[in-house]
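A short worksheet on the structure shown next.
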Amino acid sequence: MLEYLSAAIASFASIEVLLALTVGVVGGMVIGIIPGLGPSVGIALLLPISFSMSPTAALVMMTAMYTTGVYGGSITAVLCHTPGTAASAATTMDGYELTKKGRGMEAISVVTVASVVGGIIGAVCLILFAPALGKISLMFSCLEYFLVACFGLLVVSGLTGDNQAKGFFSALLGLLIGCVGMDSINGVSRFTFGQLWLEDGLDSTPILIGLFSISQVLVLVDKLLRGSSSTIVDDPAAGLKGKRWEKGNGKKLAPTMMRSSVIGAFVGFIPAAGCSIAAWISYSIAKQTSKNPEEFGKGSIVGIAASEASNNAACGGALIPLFTLGIPGSPVTAILYGALLMHGLQPGSGLFTGGKAVTTYAIFLGFLFANVLMGIIGLTMAKQMARICLVPNSVLVPIIVALACIGTYALSNNMMEVVIMLAFGLIGYLMKIFEFEPAPLVLGVVLADILESNFRRTLIMAAPKGGLIPYFFSRPVAIIIVLVILGFALAPFIVKAVQKKKA
Amino acid sequence: MTKKFHRDVWVGVALLAFCAVVFFLALQISGQSAVVPITLTVLMAVCSLFIILKGLRLTKAQEGEFHYALTVKDSKNAFLFMGFIIIYYLLFRYVTYWIATPVFMIFAMKHLKVKSWKVNILITVLYMIICYVAFVIILQLPIYKVGVLGRWFRYV
Amino acid sequence: MKKMFALVSACALALSLTACSGGGSAQAPNNNNAGKGDSFPNETITLVCPFSAGGGTDIGARNMATALSADLGVNVVVENQTGSGGWVAWTDLITGDYDDGYTIGLINHNFVFGELDPENPRDYNLDDVQVLCNQVVDYDVLAIRANETRFTDIDSFIEYAKSNPILISAQATGITDGESTKAEWFNKTFGTQITVIPVDGASDSRGMFLAGDTDILFGSISDVNTAYQNGEMKLLCQFAEERSEFIPEVPTVEEATGEKLVAFAARGYFYPNGVPADKVEFMTNALLKSMERSDYIENMAALGLELDNTSGEAYAELLNSQMETRLSIWG
């Protein structure tokens, strides 16, 4: 492996590769910032451009765009309450609160540092352990996907807000929305009303943009016209109060970032799970283990660090089954799979030995460098970016609306996505009025399909093996996941009981 | 005079009605596929009941008028702006993005009290140029298919 | 001021992207073919791919776009319009106004079976389109894992499957799906007990197969060939008329068992019905000519796809050819 790595480093002497890396990093950040356009759309749009490039340059550009696209989505999540994809939704709550207090620059720095740490850990896992971890990812199947999604569902209970019944209602509504479309097991149409465009179900991205960005835009408009505030920051006269980096932040955040990165890389390489589930799980674990869980949701930098480290680590993790087995677990990696084929790199063990190994490791190194470059750009631009929230809302609001419309259209070149986004913008505003939390709804939509279809697949697979229970006990990974879930669910009660005894 | 209910009671009732409609639709789905939607609808109905109960409790606890952080009545501005966005969408859908957007942006900025016309127009023009370069020239988005005038803005 | 800075940097990015795309796929060649003025293709031609970017169909279309663009001297772009297994794009092409011949659709054999879909019967069939020519045929194979011990060839597999349940994965469970059809054929012809697990895509099937969750894999040659050459999978038979040149040592199912079944994926190009006949003929010839370009053949060979240039009526027949087999298998 070392000889491949040293040969791979040499390929970064080529101007084409360096240019591709830079374009990937900067392009990914820009694409991530535009609401609706996430890494998957970005990479799909790059595909024709990369057609004539060398395999190394093309794949370095695309994997760079993957990780920076996730990061870019978090920047606007923090500054304008406009997450690019569901992966950044967990960051939105805490980040935006900080921004409102004028500490946008600090929030951006935390996002950047955590993303870079997560991204680097993900990349290191990829470089060092890809073939070995690839084998482990084969131990996950429908039952395990289902259980991981159950874990995700458990996270919802921490997001319900003050009125639990309302929180659970929006989570259930999210799951129900996830049912819309063709049943992926038997092809029966549910709630499609004969509409062709509903058959594939509702994508979570336009729903997310509607619930988070458009509804927030309406709040800003309302505030503006009533004259109570004209910028996102509560007190624009004071400007950007926060420092770039509070002393002691590093020490405070290091354990969370490390833990979240490992969780992220691990969840990422489970094919069905992906960045957004990784981010939510890390966020809620950080909340549960925190000494001051009440800060979460009100501007906790620990919360930001947890979800950000995790979603970028998950990118590296997701590349593992793609390269070692040719199993893409998400829309982004599915496009990367096509890109690999297009450049004659058939995923599998063939990529890790012989002539193609140099290209493979060059791509992995490119992914690592992309994370570093992303950090350098992010930190130097933190102040400039944070100034976005000083731009008058009267200018910001029309731009966000126009970008959200073209961005959601670009998701699948379909106007219906724009309709869905606007409808959920209105629903999101009504939810704000009646004090329903939007986050559980989005999580419900993301999880619905993973939960239902994998459970039903498990039933089919378990039938020849004597039913669900014997099948479950024949699968060690599933047992471990269930134990982790039980531990997570019961930990607060145990802690309480122990404290009571002591008292 | 009957005492006014906390609004959560009415919210719960509305959601219950919504559940009833969805339940009716879910019953039409055939076979195994109906199980999950029906279960979810029932659970949602249970949640609505809890929302109503909580609302009743709040009604009892409250003396005099209710105070809400945000109400429909106070949000006229927001709903008006949502109306503008919908008009913008219709223009986008039936005319073209490249005409709808400048119209919307100039109008919206004026509505949101950007005083200087110069700033207004400058931002709009810059946005349009960047957007066109990025989406049409570089990324070749087939947005020319949207709206009757869309094909005039195709870049070939 | 800072805003200006942001705008300037965005512009710079845009420029660098453009620079990078120089020499990119289907760049507009200078329209200097003398006298082209009003002859048929004098503006951009669009290939509408009903599946997502990066998929097999999409990559094939992009190779075709490059070749066609070089031949015709106009810009050729690929647009992805996904949804409902292709039917969003197909419905739009059939019902919309695309009679000027500048929009070409991609079609595959799934189009033919749409009207048989038991849950969502489609309104259109081959009578609603004019097919131009085929691009690729990809025959199906039966693969097992290299370390499989329960069966090693087709006979021992059939013996085993008669008394033991076998799991496979497929994208749907009915007549519209090729994998399910093959499973049904095995069950009916040999009395095997194959059960189908519905999954979302070919790559899911592959993952479940490699993980040992399913017992065998019905895949296409282009899907499994690399794994086969690397020794990760073994191929028991191919569902072709005669052995493919990619895997000449693997017997056809007829050679191995005496029972015949031909199954393949074919994808090519079509025009909506409203396009006039002279344009149909022109474009068919143009596509066929582009397929003879050496760079095109080279790029397609790298993907492991068998090229095919059946056109016109013969192509319609090719698309329809599996219809009878499937109808008889499913009764």
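Residue numbers start at 1 in each chain; chains themselves are named A, B, ... in the order of the structure tokens; ligands are numbered from 1 in the order shown.
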
Contact table region 24-87 of chain B vs region 224-229 of chain A, cut-off 12 Å, shortest pair per residue, only C-alpha atoms, as a tab-separated table:
residue	atom	partner	partner_atom	distance
B:Asp74	CA	A:Arg226	CA	10.0
B:Ser75	CA	A:Arg226	CA	10.0
B:Lys76	CA	A:Leu225	CA	10.2
B:Asn77	CA	A:Leu225	CA	7.0
B:Ala78	CA	A:Leu225	CA	9.1
B:Leu80	CA	A:Leu225	CA	11.2
B:Phe81	CA	A:Leu225	CA	10.5

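For Met258 (chain A), the list of residues within 9 Å, based on only C-alpha atoms and with local chain neighbours fewer than 2 positions off taken out, reads Val117, Gly118, Ile121, Leu253, Ala254, Pro255, Thr256, Ser260, Ser261, Val262, Ile263, Ala306 and Ala309 of chain A.
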
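As for CA of Asn413 (chain A) and CA of Leu141 (chain B), they are spaced 7.6 Å apart.
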
Interatomic distance (Å, one decimal) between CA of Thr181 (chain C) and CA of Thr325 (chain C): 9.3 Å

Against chain A, which residues of chain C fall within 7 Å? For each one I want the closest pair of atoms and the distance in Å (one decimal), counting only C-alpha atoms, rows by chain and increasing residue number, as a Markdown table.
| residue | atom | partner | partner_atom | distance |
| --- | --- | --- | --- | --- |
| C:Lys2 | CA | A:Gln384 | CA | 6.6 |
| C:Leu17 | CA | A:Val23 | CA | 6.7 |
| C:Ser21 | CA | A:Ile49 | CA | 5.1 |
| C:Gly23 | CA | A:Ser52 | CA | 7.0 |
| C:Gly24 | CA | A:Ile49 | CA | 5.2 |
| C:Ser25 | CA | A:Phe51 | CA | 5.8 |
| C:Ala53 | CA | A:Ala44 | CA | 5.7 |
| C:Gly54 | CA | A:Gly338 | CA | 3.9 |
| C:Gly55 | CA | A:Gly338 | CA | 5.5 |
| C:Ile59 | CA | A:Met342 | CA | 6.7 |
| C:Gln81 | CA | A:Asn413 | CA | 6.5 |
| C:Thr82 | CA | A:Ser412 | CA | 6.7 |
| C:Gly83 | CA | A:Asp200 | CA | 6.2 |
| C:Ser84 | CA | A:Asp200 | CA | 5.7 |
| C:Val88 | CA | A:Leu196 | CA | 6.5 |
| C:Glu119 | CA | A:Val188 | CA | 5.8 |
| C:Pro165 | CA | A:Pro464 | CA | 6.5 |
| C:Ala172 | CA | A:Asn186 | CA | 6.8 |
| C:Thr173 | CA | A:Asn186 | CA | 6.8 |
| C:Ile197 | CA | A:Arg457 | CA | 6.2 |
| C:Pro198 | CA | A:Ile185 | CA | 5.4 |
| C:Asp200 | CA | A:Ser184 | CA | 7.0 |
| C:Ser203 | CA | A:Ile327 | CA | 5.6 |
| C:Asp204 | CA | A:Ile327 | CA | 6.8 |
| C:Gly207 | CA | A:Ile327 | CA | 5.8 |
| C:Ala211 | CA | A:Leu138 | CA | 4.8 |
| C:Thr226 | CA | A:Gln346 | CA | 6.7 |
| C:Asn230 | CA | A:Gly350 | CA | 6.9 |
| C:Ala302 | CA | A:Gly344 | CA | 6.0 |
| C:Leu303 | CA | A:Leu341 | CA | 6.6 |

Could you dump the residues just selected with C-alpha atoms as a PDB file, in the first residue's frame?
ATOM      1  CA  LYS C   2     -17.636  42.500   0.917  1.00  0.00           C
ATOM      2  CA  LEU C  17     -15.417  25.902 -14.225  1.00  0.00           C
ATOM      3  CA  SER C  21     -14.984  22.205 -19.216  1.00  0.00           C
ATOM      4  CA  GLY C  23     -12.856  20.288 -24.515  1.00  0.00           C
ATOM      5  CA  GLY C  24     -15.649  18.849 -22.423  1.00  0.00           C
ATOM      6  CA  SER C  25     -18.116  16.352 -23.741  1.00  0.00           C
ATOM      7  CA  ALA C  53     -26.980  10.610 -14.348  1.00  0.00           C
ATOM      8  CA  GLY C  54     -24.184   8.081 -13.980  1.00  0.00           C
ATOM      9  CA  GLY C  55     -26.332   5.061 -14.823  1.00  0.00           C
ATOM     10  CA  ILE C  59     -23.209   6.922 -19.904  1.00  0.00           C
ATOM     11  CA  GLN C  81     -35.566  13.474 -16.741  1.00  0.00           C
ATOM     12  CA  THR C  82     -36.040  10.812 -14.099  1.00  0.00           C
ATOM     13  CA  GLY C  83     -39.095   9.394 -12.403  1.00  0.00           C
ATOM     14  CA  SER C  84     -41.371   6.355 -12.273  1.00  0.00           C
ATOM     15  CA  VAL C  88     -42.132  10.578 -16.516  1.00  0.00           C
ATOM     16  CA  GLU C 119     -50.438  -2.176 -10.433  1.00  0.00           C
ATOM     17  CA  PRO C 165     -35.453 -22.415  -0.817  1.00  0.00           C
ATOM     18  CA  ALA C 172     -40.107  -5.840  -8.967  1.00  0.00           C
ATOM     19  CA  THR C 173     -41.925  -9.098  -8.477  1.00  0.00           C
ATOM     20  CA  ILE C 197     -36.875 -10.044  -2.622  1.00  0.00           C
ATOM     21  CA  PRO C 198     -37.775  -6.700  -4.193  1.00  0.00           C
ATOM     22  CA  ASP C 200     -34.476  -0.623  -5.350  1.00  0.00           C
ATOM     23  CA  SER C 203     -26.449  -2.276  -7.104  1.00  0.00           C
ATOM     24  CA  ASP C 204     -28.568  -3.327  -4.101  1.00  0.00           C
ATOM     25  CA  GLY C 207     -24.554  -6.008  -2.444  1.00  0.00           C
ATOM     26  CA  ALA C 211     -23.048 -10.432   1.450  1.00  0.00           C
ATOM     27  CA  THR C 226     -15.341  -7.471 -13.839  1.00  0.00           C
ATOM     28  CA  ASN C 230     -11.357 -11.021 -10.909  1.00  0.00           C
ATOM     29  CA  ALA C 302     -14.385  -0.073 -21.852  1.00  0.00           C
ATOM     30  CA  LEU C 303     -17.838  -0.344 -20.293  1.00  0.00           C
TER      31      LEU C 303
END

Given only C-alpha atoms as the counted atoms, nearest of C:Trp87, C:Leu72, C:Gly274, C:Phe239 to Thr252 (chain C):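 The shortest atom-to-atom distance to Thr252 (chain C) comes from C:Phe239.
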
All residues 10 Å or closer to Val103 (chain B), only C-alpha atoms, same chain fewer than 4 positions away omitted, as an mmCIF file with all heavy atoms, in the first residue's frame:
data_model
loop_
_atom_site.group_PDB
_atom_site.id
_atom_site.type_symbol
_atom_site.label_atom_id
_atom_site.label_comp_id
_atom_site.auth_asym_id
_atom_site.auth_seq_id
_atom_site.Cartn_x
_atom_site.Cartn_y
_atom_site.Cartn_z
ATOM 1 N N TYR B 88 -44.954 34.661 -8.229
ATOM 2 C CA TYR B 88 -43.628 34.475 -8.841
ATOM 3 C C TYR B 88 -43.505 33.081 -9.425
ATOM 4 O O TYR B 88 -43.051 32.889 -10.552
ATOM 5 C CB TYR B 88 -42.558 34.723 -7.774
ATOM 6 C CG TYR B 88 -41.171 34.250 -8.136
ATOM 7 C CD1 TYR B 88 -40.558 34.645 -9.327
ATOM 8 C CD2 TYR B 88 -40.450 33.423 -7.280
ATOM 9 C CE1 TYR B 88 -39.284 34.210 -9.646
ATOM 10 C CE2 TYR B 88 -39.185 32.992 -7.593
ATOM 11 C CZ TYR B 88 -38.607 33.376 -8.782
ATOM 12 O OH TYR B 88 -37.350 32.943 -9.092
ATOM 13 N N LEU B 91 -45.413 32.832 -12.648
ATOM 14 C CA LEU B 91 -44.673 33.472 -13.745
ATOM 15 C C LEU B 91 -43.532 32.567 -14.214
ATOM 16 O O LEU B 91 -43.300 32.398 -15.420
ATOM 17 C CB LEU B 91 -44.092 34.810 -13.287
ATOM 18 C CG LEU B 91 -45.029 36.005 -13.262
ATOM 19 C CD1 LEU B 91 -44.303 37.219 -12.700
ATOM 20 C CD2 LEU B 91 -45.519 36.312 -14.673
ATOM 21 N N TYR B 97 -38.246 31.639 -16.086
ATOM 22 C CA TYR B 97 -37.506 32.061 -14.901
ATOM 23 C C TYR B 97 -36.819 33.385 -15.139
ATOM 24 O O TYR B 97 -36.749 34.236 -14.268
ATOM 25 C CB TYR B 97 -36.463 30.992 -14.562
ATOM 26 C CG TYR B 97 -35.702 31.236 -13.280
ATOM 27 C CD1 TYR B 97 -36.278 30.929 -12.057
ATOM 28 C CD2 TYR B 97 -34.415 31.763 -13.292
ATOM 29 C CE1 TYR B 97 -35.594 31.139 -10.876
ATOM 30 C CE2 TYR B 97 -33.724 31.974 -12.111
ATOM 31 C CZ TYR B 97 -34.317 31.662 -10.901
ATOM 32 O OH TYR B 97 -33.633 31.882 -9.728
ATOM 33 N N TRP B 98 -36.315 33.573 -16.357
ATOM 34 C CA TRP B 98 -35.460 34.733 -16.630
ATOM 35 C C TRP B 98 -36.238 36.028 -16.751
ATOM 36 O O TRP B 98 -35.656 37.098 -16.799
ATOM 37 C CB TRP B 98 -34.613 34.460 -17.869
ATOM 38 C CG TRP B 98 -33.924 33.146 -17.722
ATOM 39 C CD1 TRP B 98 -34.210 31.994 -18.391
ATOM 40 C CD2 TRP B 98 -32.886 32.810 -16.795
ATOM 41 N NE1 TRP B 98 -33.415 30.980 -17.941
ATOM 42 C CE2 TRP B 98 -32.594 31.439 -16.964
ATOM 43 C CE3 TRP B 98 -32.179 33.537 -15.829
ATOM 44 C CZ2 TRP B 98 -31.624 30.786 -16.211
ATOM 45 C CZ3 TRP B 98 -31.213 32.879 -15.090
ATOM 46 C CH2 TRP B 98 -30.942 31.527 -15.284
ATOM 47 N N ILE B 99 -37.567 35.936 -16.816
ATOM 48 C CA ILE B 99 -38.367 37.158 -16.744
ATOM 49 C C ILE B 99 -39.018 37.265 -15.367
ATOM 50 O O ILE B 99 -39.065 38.323 -14.759
ATOM 51 C CB ILE B 99 -39.427 37.172 -17.863
ATOM 52 C CG1 ILE B 99 -38.708 37.390 -19.195
ATOM 53 C CG2 ILE B 99 -40.464 38.263 -17.630
ATOM 54 C CD1 ILE B 99 -39.600 37.354 -20.394
ATOM 55 N N PHE B 107 -39.593 43.938 -7.506
ATOM 56 C CA PHE B 107 -40.814 44.225 -6.784
ATOM 57 C C PHE B 107 -40.663 43.903 -5.291
ATOM 58 O O PHE B 107 -41.049 44.683 -4.426
ATOM 59 C CB PHE B 107 -41.968 43.421 -7.386
ATOM 60 C CG PHE B 107 -43.254 43.640 -6.693
ATOM 61 C CD1 PHE B 107 -44.002 44.787 -6.926
ATOM 62 C CD2 PHE B 107 -43.711 42.727 -5.762
ATOM 63 C CE1 PHE B 107 -45.182 44.997 -6.260
ATOM 64 C CE2 PHE B 107 -44.896 42.927 -5.086
ATOM 65 C CZ PHE B 107 -45.639 44.075 -5.334
ATOM 66 N N ALA B 108 -40.066 42.720 -5.004
ATOM 67 C CA ALA B 108 -39.945 42.295 -3.606
ATOM 68 C C ALA B 108 -39.047 43.248 -2.838
ATOM 69 O O ALA B 108 -39.344 43.633 -1.706
ATOM 70 C CB ALA B 108 -39.408 40.869 -3.531
ATOM 71 N N THR B 124 -30.296 43.001 -8.696
ATOM 72 C CA THR B 124 -31.070 42.132 -9.585
ATOM 73 C C THR B 124 -30.249 41.731 -10.802
ATOM 74 O O THR B 124 -30.157 40.549 -11.149
ATOM 75 C CB THR B 124 -32.353 42.844 -10.036
ATOM 76 O OG1 THR B 124 -33.026 43.309 -8.875
ATOM 77 C CG2 THR B 124 -33.252 41.900 -10.793
#

Test item: chain B residues at most 12 Å from chain C, counting only C-alpha atoms, as a ChimeraX atom specification: /B:29-31,122-123,125-145,151,154-156

Option closest in space to Cys275 (chain A), from A:Leu411, A:Ala86, A:Met416, A:Val116 [counting only C-alpha atoms]: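 Under the stated criterion, the closest residue is A:Ala86.
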
Residue nearest chain A - candidates B:Phe50, B:Phe18, B:Trp10, B:Phe153, atoms counted: only C-alpha atoms: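 Among the listed residues, B:Phe50 lies closest to chain A.
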
For Ser330 (chain A), the nearest of the candidates C:Gly85, C:Ile154, C:Gly201, C:Asp128, counting only C-alpha atoms: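 Using only C-alpha atoms, Ser330 (chain A) sits closest to C:Gly201.
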
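Note that the spacing between CA of Leu143 (chain A) and CA of Phe455 (chain A) amounts to 6.4 Å.
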
For Met1 (chain A): contacts at 10 Å, only C-alpha atoms, fewer than 6 positions along chain excluded, given as a list in words: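 With the cut-off at 10 Å, the set is Ala7, Ile127, Leu128, Phe352, Thr353, Ala357, Val358 and Tyr361 of chain A.
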